[in-house]
>>> print(open('data_33.cif').read())   # mmCIF, N, CA and C atoms
data_run
#
loop_
_atom_site.label_atom_id
_atom_site.label_comp_id
_atom_site.auth_asym_id
_atom_site.auth_seq_id
_atom_site.Cartn_x
_atom_site.Cartn_y
_atom_site.Cartn_z
N MET X 924 56.54 27.54 -68.13
CA MET X 924 57.15 26.80 -67.05
C MET X 924 58.56 26.38 -67.50
N PRO X 925 59.57 26.74 -66.73
CA PRO X 925 60.94 26.42 -67.15
C PRO X 925 61.23 24.93 -67.06
N TYR X 926 62.13 24.51 -67.92
CA TYR X 926 62.54 23.12 -67.95
C TYR X 926 63.42 22.82 -66.73
N LYS X 927 63.09 21.78 -66.03
CA LYS X 927 63.88 21.40 -64.86
C LYS X 927 64.68 20.15 -65.18
N GLU X 928 65.98 20.28 -65.06
CA GLU X 928 66.84 19.13 -65.34
C GLU X 928 66.71 18.09 -64.23
N ARG X 929 66.78 16.84 -64.65
CA ARG X 929 66.77 15.77 -63.66
C ARG X 929 68.10 15.75 -62.93
N GLU X 930 68.01 15.52 -61.64
CA GLU X 930 69.24 15.41 -60.87
C GLU X 930 69.91 14.08 -61.18
N ILE X 931 71.20 14.12 -61.28
CA ILE X 931 71.96 12.90 -61.52
C ILE X 931 72.15 12.21 -60.18
N GLU X 932 71.74 10.97 -60.13
CA GLU X 932 71.87 10.22 -58.88
C GLU X 932 73.15 9.40 -58.92
N LYS X 933 73.88 9.49 -57.84
CA LYS X 933 75.11 8.72 -57.74
C LYS X 933 74.78 7.28 -57.37
N LYS X 934 75.61 6.39 -57.81
CA LYS X 934 75.43 4.97 -57.48
C LYS X 934 76.19 4.63 -56.20
N TYR X 935 77.35 5.24 -56.02
CA TYR X 935 78.18 4.98 -54.85
C TYR X 935 78.59 6.28 -54.19
N TYR X 936 78.70 6.22 -52.87
CA TYR X 936 79.08 7.38 -52.07
C TYR X 936 80.31 7.02 -51.24
N SER X 937 81.17 8.00 -51.04
CA SER X 937 82.37 7.78 -50.22
C SER X 937 81.99 7.82 -48.75
N ILE X 938 82.88 7.34 -47.91
CA ILE X 938 82.63 7.34 -46.48
C ILE X 938 82.52 8.78 -45.95
N GLY X 939 83.26 9.69 -46.55
CA GLY X 939 83.18 11.10 -46.14
C GLY X 939 81.81 11.69 -46.44
N GLU X 940 81.25 11.36 -47.59
CA GLU X 940 79.92 11.85 -47.94
C GLU X 940 78.86 11.29 -47.00
N VAL X 941 79.00 10.03 -46.65
CA VAL X 941 78.05 9.40 -45.73
C VAL X 941 78.17 10.04 -44.34
N ALA X 942 79.39 10.24 -43.89
CA ALA X 942 79.60 10.86 -42.58
C ALA X 942 79.05 12.29 -42.55
N ASP X 943 79.24 13.03 -43.63
CA ASP X 943 78.69 14.39 -43.70
C ASP X 943 77.17 14.38 -43.65
N LYS X 944 76.57 13.42 -44.30
CA LYS X 944 75.10 13.32 -44.32
C LYS X 944 74.54 13.19 -42.91
N PHE X 945 75.22 12.41 -42.07
CA PHE X 945 74.74 12.18 -40.71
C PHE X 945 75.44 13.07 -39.68
N LYS X 946 76.36 13.90 -40.15
CA LYS X 946 77.11 14.82 -39.28
C LYS X 946 77.83 14.06 -38.16
N VAL X 947 78.54 13.00 -38.57
CA VAL X 947 79.35 12.20 -37.65
C VAL X 947 80.74 12.04 -38.26
N ALA X 948 81.66 11.53 -37.47
CA ALA X 948 83.02 11.29 -37.95
C ALA X 948 83.07 10.01 -38.79
N THR X 949 84.00 9.99 -39.73
CA THR X 949 84.14 8.79 -40.57
C THR X 949 84.53 7.57 -39.72
N SER X 950 85.24 7.81 -38.64
CA SER X 950 85.64 6.70 -37.77
C SER X 950 84.42 6.00 -37.16
N LEU X 951 83.35 6.76 -36.90
CA LEU X 951 82.14 6.16 -36.36
C LEU X 951 81.48 5.24 -37.39
N ILE X 952 81.48 5.66 -38.64
CA ILE X 952 80.92 4.82 -39.71
C ILE X 952 81.72 3.52 -39.81
N ARG X 953 83.05 3.63 -39.77
CA ARG X 953 83.89 2.42 -39.83
C ARG X 953 83.64 1.52 -38.62
N TYR X 954 83.48 2.14 -37.45
CA TYR X 954 83.22 1.37 -36.23
C TYR X 954 81.89 0.62 -36.34
N TRP X 955 80.84 1.33 -36.79
CA TRP X 955 79.54 0.69 -36.94
C TRP X 955 79.60 -0.44 -37.96
N GLU X 956 80.43 -0.28 -38.98
CA GLU X 956 80.58 -1.35 -39.99
C GLU X 956 81.06 -2.64 -39.33
N GLY X 957 81.96 -2.51 -38.37
CA GLY X 957 82.46 -3.69 -37.66
C GLY X 957 81.47 -4.26 -36.67
N GLU X 958 80.60 -3.42 -36.13
CA GLU X 958 79.65 -3.84 -35.10
C GLU X 958 78.35 -4.40 -35.66
N PHE X 959 77.93 -3.92 -36.82
CA PHE X 959 76.64 -4.30 -37.37
C PHE X 959 76.84 -5.08 -38.67
N ASP X 960 76.27 -6.27 -38.73
CA ASP X 960 76.41 -7.14 -39.90
C ASP X 960 75.69 -6.60 -41.13
N ILE X 961 74.72 -5.71 -40.93
CA ILE X 961 73.92 -5.24 -42.07
C ILE X 961 74.66 -4.23 -42.93
N ILE X 962 75.76 -3.67 -42.43
CA ILE X 962 76.53 -2.69 -43.20
C ILE X 962 77.65 -3.42 -43.92
N LYS X 963 77.54 -3.51 -45.22
CA LYS X 963 78.55 -4.20 -46.05
C LYS X 963 78.87 -3.34 -47.28
N PRO X 964 79.66 -2.27 -47.12
CA PRO X 964 79.98 -1.46 -48.30
C PRO X 964 80.94 -2.21 -49.23
N LYS X 965 80.87 -1.86 -50.48
CA LYS X 965 81.83 -2.43 -51.44
C LYS X 965 83.15 -1.68 -51.27
N LYS X 966 84.24 -2.35 -51.59
CA LYS X 966 85.55 -1.71 -51.51
C LYS X 966 86.21 -1.77 -52.88
N ASP X 967 86.86 -0.65 -53.24
CA ASP X 967 87.55 -0.64 -54.53
C ASP X 967 88.95 -1.24 -54.36
N LYS X 968 89.75 -1.18 -55.41
CA LYS X 968 91.08 -1.79 -55.39
C LYS X 968 91.98 -1.19 -54.31
N LYS X 969 91.77 0.09 -54.01
CA LYS X 969 92.58 0.76 -52.99
C LYS X 969 92.07 0.48 -51.57
N GLY X 970 90.91 -0.13 -51.46
CA GLY X 970 90.33 -0.42 -50.15
C GLY X 970 89.38 0.66 -49.67
N ASN X 971 89.08 1.64 -50.52
CA ASN X 971 88.14 2.69 -50.15
C ASN X 971 86.72 2.13 -50.16
N ARG X 972 85.98 2.49 -49.14
CA ARG X 972 84.60 2.02 -49.04
C ARG X 972 83.71 2.81 -49.99
N ARG X 973 82.79 2.10 -50.64
CA ARG X 973 81.81 2.70 -51.53
C ARG X 973 80.43 2.26 -51.08
N PHE X 974 79.64 3.21 -50.59
CA PHE X 974 78.34 2.92 -50.03
C PHE X 974 77.24 3.14 -51.05
N THR X 975 76.29 2.21 -51.11
CA THR X 975 75.11 2.36 -51.96
C THR X 975 74.01 3.06 -51.16
N LYS X 976 72.91 3.40 -51.84
CA LYS X 976 71.78 4.01 -51.13
C LYS X 976 71.24 3.06 -50.06
N GLU X 977 71.25 1.76 -50.34
CA GLU X 977 70.77 0.79 -49.37
C GLU X 977 71.66 0.78 -48.13
N ASP X 978 72.98 0.87 -48.35
CA ASP X 978 73.91 0.95 -47.21
C ASP X 978 73.63 2.19 -46.37
N ILE X 979 73.37 3.30 -47.04
CA ILE X 979 73.12 4.56 -46.34
C ILE X 979 71.81 4.48 -45.56
N GLU X 980 70.80 3.81 -46.11
CA GLU X 980 69.54 3.62 -45.38
C GLU X 980 69.77 2.80 -44.12
N LYS X 981 70.61 1.77 -44.22
CA LYS X 981 70.91 0.93 -43.06
C LYS X 981 71.67 1.73 -42.01
N ILE X 982 72.61 2.56 -42.44
CA ILE X 982 73.34 3.42 -41.50
C ILE X 982 72.36 4.41 -40.87
N GLY X 983 71.41 4.89 -41.66
CA GLY X 983 70.39 5.79 -41.12
C GLY X 983 69.56 5.12 -40.04
N LEU X 984 69.26 3.85 -40.24
CA LEU X 984 68.52 3.09 -39.23
C LEU X 984 69.34 2.99 -37.94
N ILE X 985 70.60 2.67 -38.07
CA ILE X 985 71.47 2.57 -36.89
C ILE X 985 71.60 3.94 -36.23
N PHE X 986 71.78 4.98 -37.02
CA PHE X 986 71.88 6.34 -36.49
C PHE X 986 70.61 6.69 -35.71
N HIS X 987 69.46 6.35 -36.27
CA HIS X 987 68.18 6.64 -35.60
C HIS X 987 68.10 5.94 -34.25
N LEU X 988 68.46 4.66 -34.23
CA LEU X 988 68.36 3.90 -32.99
C LEU X 988 69.36 4.37 -31.93
N VAL X 989 70.61 4.58 -32.36
CA VAL X 989 71.68 4.88 -31.40
C VAL X 989 71.70 6.36 -31.00
N LYS X 990 71.67 7.23 -31.98
CA LYS X 990 71.85 8.66 -31.70
C LYS X 990 70.54 9.37 -31.35
N GLU X 991 69.45 9.01 -32.02
CA GLU X 991 68.19 9.71 -31.78
C GLU X 991 67.35 9.05 -30.69
N LYS X 992 67.31 7.72 -30.66
CA LYS X 992 66.50 7.02 -29.67
C LYS X 992 67.29 6.66 -28.41
N GLY X 993 68.62 6.70 -28.47
CA GLY X 993 69.45 6.47 -27.29
C GLY X 993 69.72 5.01 -26.95
N TYR X 994 69.55 4.11 -27.90
CA TYR X 994 69.84 2.71 -27.64
C TYR X 994 71.35 2.48 -27.55
N THR X 995 71.73 1.46 -26.78
CA THR X 995 73.12 1.03 -26.79
C THR X 995 73.35 0.26 -28.09
N LEU X 996 74.61 0.01 -28.40
CA LEU X 996 74.90 -0.76 -29.62
C LEU X 996 74.29 -2.15 -29.55
N GLN X 997 74.40 -2.77 -28.39
CA GLN X 997 73.84 -4.11 -28.23
C GLN X 997 72.32 -4.07 -28.36
N GLY X 998 71.69 -3.08 -27.77
CA GLY X 998 70.25 -2.94 -27.88
C GLY X 998 69.81 -2.71 -29.33
N ALA X 999 70.55 -1.88 -30.04
CA ALA X 999 70.25 -1.61 -31.45
C ALA X 999 70.41 -2.89 -32.27
N GLN X 1000 71.45 -3.67 -31.99
CA GLN X 1000 71.67 -4.92 -32.72
C GLN X 1000 70.51 -5.89 -32.50
N GLU X 1001 70.03 -5.97 -31.27
CA GLU X 1001 68.92 -6.88 -30.96
C GLU X 1001 67.65 -6.44 -31.68
N ILE X 1002 67.38 -5.15 -31.68
CA ILE X 1002 66.17 -4.64 -32.34
C ILE X 1002 66.25 -4.88 -33.84
N ILE X 1003 67.41 -4.65 -34.42
CA ILE X 1003 67.56 -4.86 -35.86
C ILE X 1003 67.35 -6.33 -36.22
N LYS X 1004 67.85 -7.23 -35.40
CA LYS X 1004 67.66 -8.65 -35.67
C LYS X 1004 66.20 -9.06 -35.51
N LYS X 1005 65.52 -8.48 -34.52
CA LYS X 1005 64.16 -8.89 -34.20
C LYS X 1005 63.12 -8.20 -35.08
N ASP X 1006 63.17 -6.86 -35.17
CA ASP X 1006 62.13 -6.09 -35.86
C ASP X 1006 62.72 -5.19 -36.93
N HIS X 1007 63.59 -5.72 -37.77
CA HIS X 1007 64.29 -4.91 -38.77
C HIS X 1007 63.34 -4.13 -39.67
N TYR X 1008 62.31 -4.77 -40.18
CA TYR X 1008 61.42 -4.11 -41.15
C TYR X 1008 60.57 -3.04 -40.48
N GLU X 1009 60.06 -3.32 -39.30
CA GLU X 1009 59.23 -2.33 -38.60
C GLU X 1009 60.05 -1.10 -38.22
N ILE X 1010 61.24 -1.30 -37.70
CA ILE X 1010 62.11 -0.18 -37.33
C ILE X 1010 62.54 0.58 -38.56
N SER X 1011 62.84 -0.12 -39.63
CA SER X 1011 63.24 0.53 -40.88
C SER X 1011 62.13 1.43 -41.40
N ASP X 1012 60.89 0.95 -41.35
CA ASP X 1012 59.75 1.77 -41.79
C ASP X 1012 59.61 3.02 -40.94
N LYS X 1013 59.74 2.88 -39.63
CA LYS X 1013 59.62 4.03 -38.74
C LYS X 1013 60.74 5.03 -38.99
N ALA X 1014 61.95 4.53 -39.17
CA ALA X 1014 63.09 5.42 -39.41
C ALA X 1014 62.93 6.17 -40.73
N SER X 1015 62.45 5.48 -41.77
CA SER X 1015 62.27 6.16 -43.05
C SER X 1015 61.14 7.19 -42.95
N MET X 1016 60.13 6.90 -42.15
CA MET X 1016 59.05 7.86 -41.96
C MET X 1016 59.56 9.11 -41.23
N VAL X 1017 60.35 8.91 -40.20
CA VAL X 1017 60.94 10.05 -39.48
C VAL X 1017 61.84 10.86 -40.41
N ASN X 1018 62.63 10.19 -41.23
CA ASN X 1018 63.50 10.87 -42.18
C ASN X 1018 62.69 11.70 -43.16
N ARG X 1019 61.61 11.13 -43.69
CA ARG X 1019 60.77 11.86 -44.64
C ARG X 1019 60.10 13.06 -43.97
N LEU X 1020 59.64 12.90 -42.75
CA LEU X 1020 59.03 14.02 -42.02
C LEU X 1020 60.05 15.14 -41.79
N ASN X 1021 61.28 14.78 -41.50
CA ASN X 1021 62.34 15.79 -41.33
C ASN X 1021 62.62 16.52 -42.63
N GLN X 1022 62.57 15.81 -43.76
CA GLN X 1022 62.75 16.45 -45.06
C GLN X 1022 61.62 17.44 -45.33
N ILE X 1023 60.39 17.06 -45.01
CA ILE X 1023 59.24 17.95 -45.20
C ILE X 1023 59.38 19.17 -44.30
N LYS X 1024 59.80 18.95 -43.06
CA LYS X 1024 59.99 20.07 -42.13
C LYS X 1024 61.03 21.04 -42.67
N ASP X 1025 62.16 20.53 -43.15
CA ASP X 1025 63.20 21.39 -43.71
C ASP X 1025 62.68 22.18 -44.91
N PHE X 1026 61.88 21.53 -45.75
CA PHE X 1026 61.30 22.19 -46.92
C PHE X 1026 60.37 23.32 -46.49
N LEU X 1027 59.53 23.06 -45.50
CA LEU X 1027 58.61 24.09 -45.02
C LEU X 1027 59.35 25.26 -44.37
N ILE X 1028 60.42 24.97 -43.65
CA ILE X 1028 61.23 26.04 -43.06
C ILE X 1028 61.85 26.89 -44.15
N GLU X 1029 62.32 26.25 -45.21
CA GLU X 1029 62.91 26.98 -46.33
C GLU X 1029 61.87 27.89 -46.98
N ILE X 1030 60.65 27.40 -47.16
CA ILE X 1030 59.58 28.22 -47.74
C ILE X 1030 59.29 29.41 -46.83
N ARG X 1031 59.19 29.16 -45.52
CA ARG X 1031 58.93 30.25 -44.57
C ARG X 1031 60.02 31.30 -44.63
N ASN X 1032 61.27 30.85 -44.68
CA ASN X 1032 62.38 31.80 -44.74
C ASN X 1032 62.35 32.62 -46.03
N ASN X 1033 62.01 31.97 -47.14
CA ASN X 1033 61.90 32.69 -48.41
C ASN X 1033 60.78 33.72 -48.39
N LEU X 1034 59.66 33.36 -47.75
CA LEU X 1034 58.55 34.30 -47.63
C LEU X 1034 58.93 35.49 -46.76
N ASN X 1035 59.67 35.23 -45.68
CA ASN X 1035 60.11 36.31 -44.81
C ASN X 1035 61.04 37.27 -45.53
N VAL X 1036 61.92 36.74 -46.37
CA VAL X 1036 62.86 37.58 -47.13
C VAL X 1036 62.09 38.45 -48.12
N LYS X 1037 61.09 37.86 -48.79
CA LYS X 1037 60.30 38.64 -49.77
C LYS X 1037 59.48 39.71 -49.08
N ASN X 1038 58.97 39.43 -47.87
CA ASN X 1038 58.19 40.43 -47.15
C ASN X 1038 59.05 41.59 -46.65
N GLU X 1039 60.32 41.32 -46.40
CA GLU X 1039 61.23 42.37 -45.95
C GLU X 1039 61.60 43.31 -47.07
N LEU X 1040 61.53 42.84 -48.32
CA LEU X 1040 61.87 43.68 -49.46
C LEU X 1040 60.76 44.61 -49.73
#
>>> encode(input="data_33.cif", output="structure tokens")
Amino acid sequence: MPYKEREIEKKYYSIGEVADKFKVATSLIRYWEGEFDIIKPKKDKKGNRRFTKEDIEKIGLIFHLVKEKGYTLQGAQEIIKKDHYEISDKASMVNRLNQIKDFLIEIRNNLNVKNEL
């Protein structure tokens, strides 16, 4: 069995990396930062935003509510204030299921390529 190197986990992510993860514009991330109190990225000396994994999870929650569920910003703010933990659990579950789905699709595609050879 070959040795598998551990992936190096980053501590901070740039706004561009976060925007790419959710396939949105960086301006939307900045806008949500102003609208939602739960997003508080650290800023370096130049003023560049540095997002932690927790920040990205919170943005994922907002993304889930606004983009996937169709809530307005005000509706999403109310839900986050009222049922933050329940919504966060559901969003993380949906995220994990999407990761599993992508993994299974990758396996299927690899099997199809091997069968064609």
>>> atom_distance(input="data_33.cif", atom1="atom N of Asp967 of chain X", atom2="atom CA of Glu932 of chain X")
19.4 Å
>>> residues_around(input="data_33.cif", residues="Thr975 of chain X", least_positions_apart="2", cutoff="8 Å", atoms="only C-alpha atoms", output="PyMOL selection string")
chain X and resi 934-936+964+973+977-979
>>> resolve_selection(input="data_33.cif", expression="the PyMOL selection byres (((chain X and resi 1017-1028 and name CA) around 12) and name CA)", output="PyMOL selection string")
chain X and resi 945+980+983-984+986-988+991-992+1010-1016+1029-1035
>>> write_last_selection(input="data_33.cif", atoms="N, CA and C atoms", output="PDB file, in the coordinates of the input")
ATOM      1  N   PHE X 945      75.220  12.410 -42.070  1.00  0.00           N
ATOM      2  CA  PHE X 945      74.740  12.180 -40.710  1.00  0.00           C
ATOM      3  C   PHE X 945      75.440  13.070 -39.680  1.00  0.00           C
ATOM      4  N   GLU X 980      70.800   3.810 -46.110  1.00  0.00           N
ATOM      5  CA  GLU X 980      69.540   3.620 -45.380  1.00  0.00           C
ATOM      6  C   GLU X 980      69.770   2.800 -44.120  1.00  0.00           C
ATOM      7  N   GLY X 983      71.410   4.890 -41.660  1.00  0.00           N
ATOM      8  CA  GLY X 983      70.390   5.790 -41.120  1.00  0.00           C
ATOM      9  C   GLY X 983      69.560   5.120 -40.040  1.00  0.00           C
ATOM     10  N   LEU X 984      69.260   3.850 -40.240  1.00  0.00           N
ATOM     11  CA  LEU X 984      68.520   3.090 -39.230  1.00  0.00           C
ATOM     12  C   LEU X 984      69.340   2.990 -37.940  1.00  0.00           C
ATOM     13  N   PHE X 986      71.780   4.980 -37.020  1.00  0.00           N
ATOM     14  CA  PHE X 986      71.880   6.340 -36.490  1.00  0.00           C
ATOM     15  C   PHE X 986      70.610   6.690 -35.710  1.00  0.00           C
ATOM     16  N   HIS X 987      69.460   6.350 -36.270  1.00  0.00           N
ATOM     17  CA  HIS X 987      68.180   6.640 -35.600  1.00  0.00           C
ATOM     18  C   HIS X 987      68.100   5.940 -34.250  1.00  0.00           C
ATOM     19  N   LEU X 988      68.460   4.660 -34.230  1.00  0.00           N
ATOM     20  CA  LEU X 988      68.360   3.900 -32.990  1.00  0.00           C
ATOM     21  C   LEU X 988      69.360   4.370 -31.930  1.00  0.00           C
ATOM     22  N   GLU X 991      69.450   9.010 -32.020  1.00  0.00           N
ATOM     23  CA  GLU X 991      68.190   9.710 -31.780  1.00  0.00           C
ATOM     24  C   GLU X 991      67.350   9.050 -30.690  1.00  0.00           C
ATOM     25  N   LYS X 992      67.310   7.720 -30.660  1.00  0.00           N
ATOM     26  CA  LYS X 992      66.500   7.020 -29.670  1.00  0.00           C
ATOM     27  C   LYS X 992      67.290   6.660 -28.410  1.00  0.00           C
ATOM     28  N   ILE X1010      61.240  -1.300 -37.700  1.00  0.00           N
ATOM     29  CA  ILE X1010      62.110  -0.180 -37.330  1.00  0.00           C
ATOM     30  C   ILE X1010      62.540   0.580 -38.560  1.00  0.00           C
ATOM     31  N   SER X1011      62.840  -0.120 -39.630  1.00  0.00           N
ATOM     32  CA  SER X1011      63.240   0.530 -40.880  1.00  0.00           C
ATOM     33  C   SER X1011      62.130   1.430 -41.400  1.00  0.00           C
ATOM     34  N   ASP X1012      60.890   0.950 -41.350  1.00  0.00           N
ATOM     35  CA  ASP X1012      59.750   1.770 -41.790  1.00  0.00           C
ATOM     36  C   ASP X1012      59.610   3.020 -40.940  1.00  0.00           C
ATOM     37  N   LYS X1013      59.740   2.880 -39.630  1.00  0.00           N
ATOM     38  CA  LYS X1013      59.620   4.030 -38.740  1.00  0.00           C
ATOM     39  C   LYS X1013      60.740   5.030 -38.990  1.00  0.00           C
ATOM     40  N   ALA X1014      61.950   4.530 -39.170  1.00  0.00           N
ATOM     41  CA  ALA X1014      63.090   5.420 -39.410  1.00  0.00           C
ATOM     42  C   ALA X1014      62.930   6.170 -40.730  1.00  0.00           C
ATOM     43  N   SER X1015      62.450   5.480 -41.770  1.00  0.00           N
ATOM     44  CA  SER X1015      62.270   6.160 -43.050  1.00  0.00           C
ATOM     45  C   SER X1015      61.140   7.190 -42.950  1.00  0.00           C
ATOM     46  N   MET X1016      60.130   6.900 -42.150  1.00  0.00           N
ATOM     47  CA  MET X1016      59.050   7.860 -41.960  1.00  0.00           C
ATOM     48  C   MET X1016      59.560   9.110 -41.230  1.00  0.00           C
ATOM     49  N   GLU X1029      62.320  26.250 -45.210  1.00  0.00           N
ATOM     50  CA  GLU X1029      62.910  26.980 -46.330  1.00  0.00           C
ATOM     51  C   GLU X1029      61.870  27.890 -46.980  1.00  0.00           C
ATOM     52  N   ILE X1030      60.650  27.400 -47.160  1.00  0.00           N
ATOM     53  CA  ILE X1030      59.580  28.220 -47.740  1.00  0.00           C
ATOM     54  C   ILE X1030      59.290  29.410 -46.830  1.00  0.00           C
ATOM     55  N   ARG X1031      59.190  29.160 -45.520  1.00  0.00           N
ATOM     56  CA  ARG X1031      58.930  30.250 -44.570  1.00  0.00           C
ATOM     57  C   ARG X1031      60.020  31.300 -44.630  1.00  0.00           C
ATOM     58  N   ASN X1032      61.270  30.850 -44.680  1.00  0.00           N
ATOM     59  CA  ASN X1032      62.380  31.800 -44.740  1.00  0.00           C
ATOM     60  C   ASN X1032      62.350  32.620 -46.030  1.00  0.00           C
ATOM     61  N   ASN X1033      62.010  31.970 -47.140  1.00  0.00           N
ATOM     62  CA  ASN X1033      61.900  32.690 -48.410  1.00  0.00           C
ATOM     63  C   ASN X1033      60.780  33.720 -48.390  1.00  0.00           C
ATOM     64  N   LEU X1034      59.660  33.360 -47.750  1.00  0.00           N
ATOM     65  CA  LEU X1034      58.550  34.300 -47.630  1.00  0.00           C
ATOM     66  C   LEU X1034      58.930  35.490 -46.760  1.00  0.00           C
ATOM     67  N   ASN X1035      59.670  35.230 -45.680  1.00  0.00           N
ATOM     68  CA  ASN X1035      60.110  36.310 -44.810  1.00  0.00           C
ATOM     69  C   ASN X1035      61.040  37.270 -45.530  1.00  0.00           C
TER      70      ASN X1035
END
>>> axis_aligned_box(input="data_33.cif", around="segment 984-996 of chain X", padding_each_side="6 Å", output="AutoDock Vina command-line options")
--center_x 70.7 --center_y 3.8 --center_z -33.5 --size_x 20.4 --size_y 23.9 --size_z 25.5
>>> closest_residue(input="data_33.cif", among="X:Gly993, X:Lys1005, X:Lys946, X:Gln1000", to="Phe959 of chain X", atoms="only N, CA and C atoms")
X:Gln1000
>>> atom_distance(input="data_33.cif", atom1="atom N of Leu996 of chain X", atom2="atom CA of Lys944 of chain X")
20.8 Å
>>> atom_distance(input="data_33.cif", atom1="atom N of Ile938 of chain X", atom2="atom CA of Asn971 of chain X")
7.4 Å
>>> select_by_dssp(input="data_33.cif", residues="segment 934-1037 of chain X", states="strand (DSSP E or B)", output="CSV table (one decimal) with N, CA and C atoms, in the coordinates of the input")
chain,number,residue,atom,x,y,z
X,936,TYR,N,78.7,6.2,-52.9
X,936,TYR,CA,79.1,7.4,-52.1
X,936,TYR,C,80.3,7.0,-51.2
X,965,LYS,N,80.9,-1.9,-50.5
X,965,LYS,CA,81.8,-2.4,-51.4
X,965,LYS,C,83.2,-1.7,-51.3
X,966,LYS,N,84.2,-2.4,-51.6
X,966,LYS,CA,85.6,-1.7,-51.5
X,966,LYS,C,86.2,-1.8,-52.9
X,972,ARG,N,86.0,2.5,-49.1
X,972,ARG,CA,84.6,2.0,-49.0
X,972,ARG,C,83.7,2.8,-50.0
X,973,ARG,N,82.8,2.1,-50.6
X,973,ARG,CA,81.8,2.7,-51.5
X,973,ARG,C,80.4,2.3,-51.1
X,974,PHE,N,79.6,3.2,-50.6
X,974,PHE,CA,78.3,2.9,-50.0
X,974,PHE,C,77.2,3.1,-51.0
>>> closest_residue(input="data_33.cif", among="X:Ala999, X:Lys981, X:Lys976, X:Ile952", to="Gly939 of chain X", atoms="only C-alpha atoms")
X:Ile952
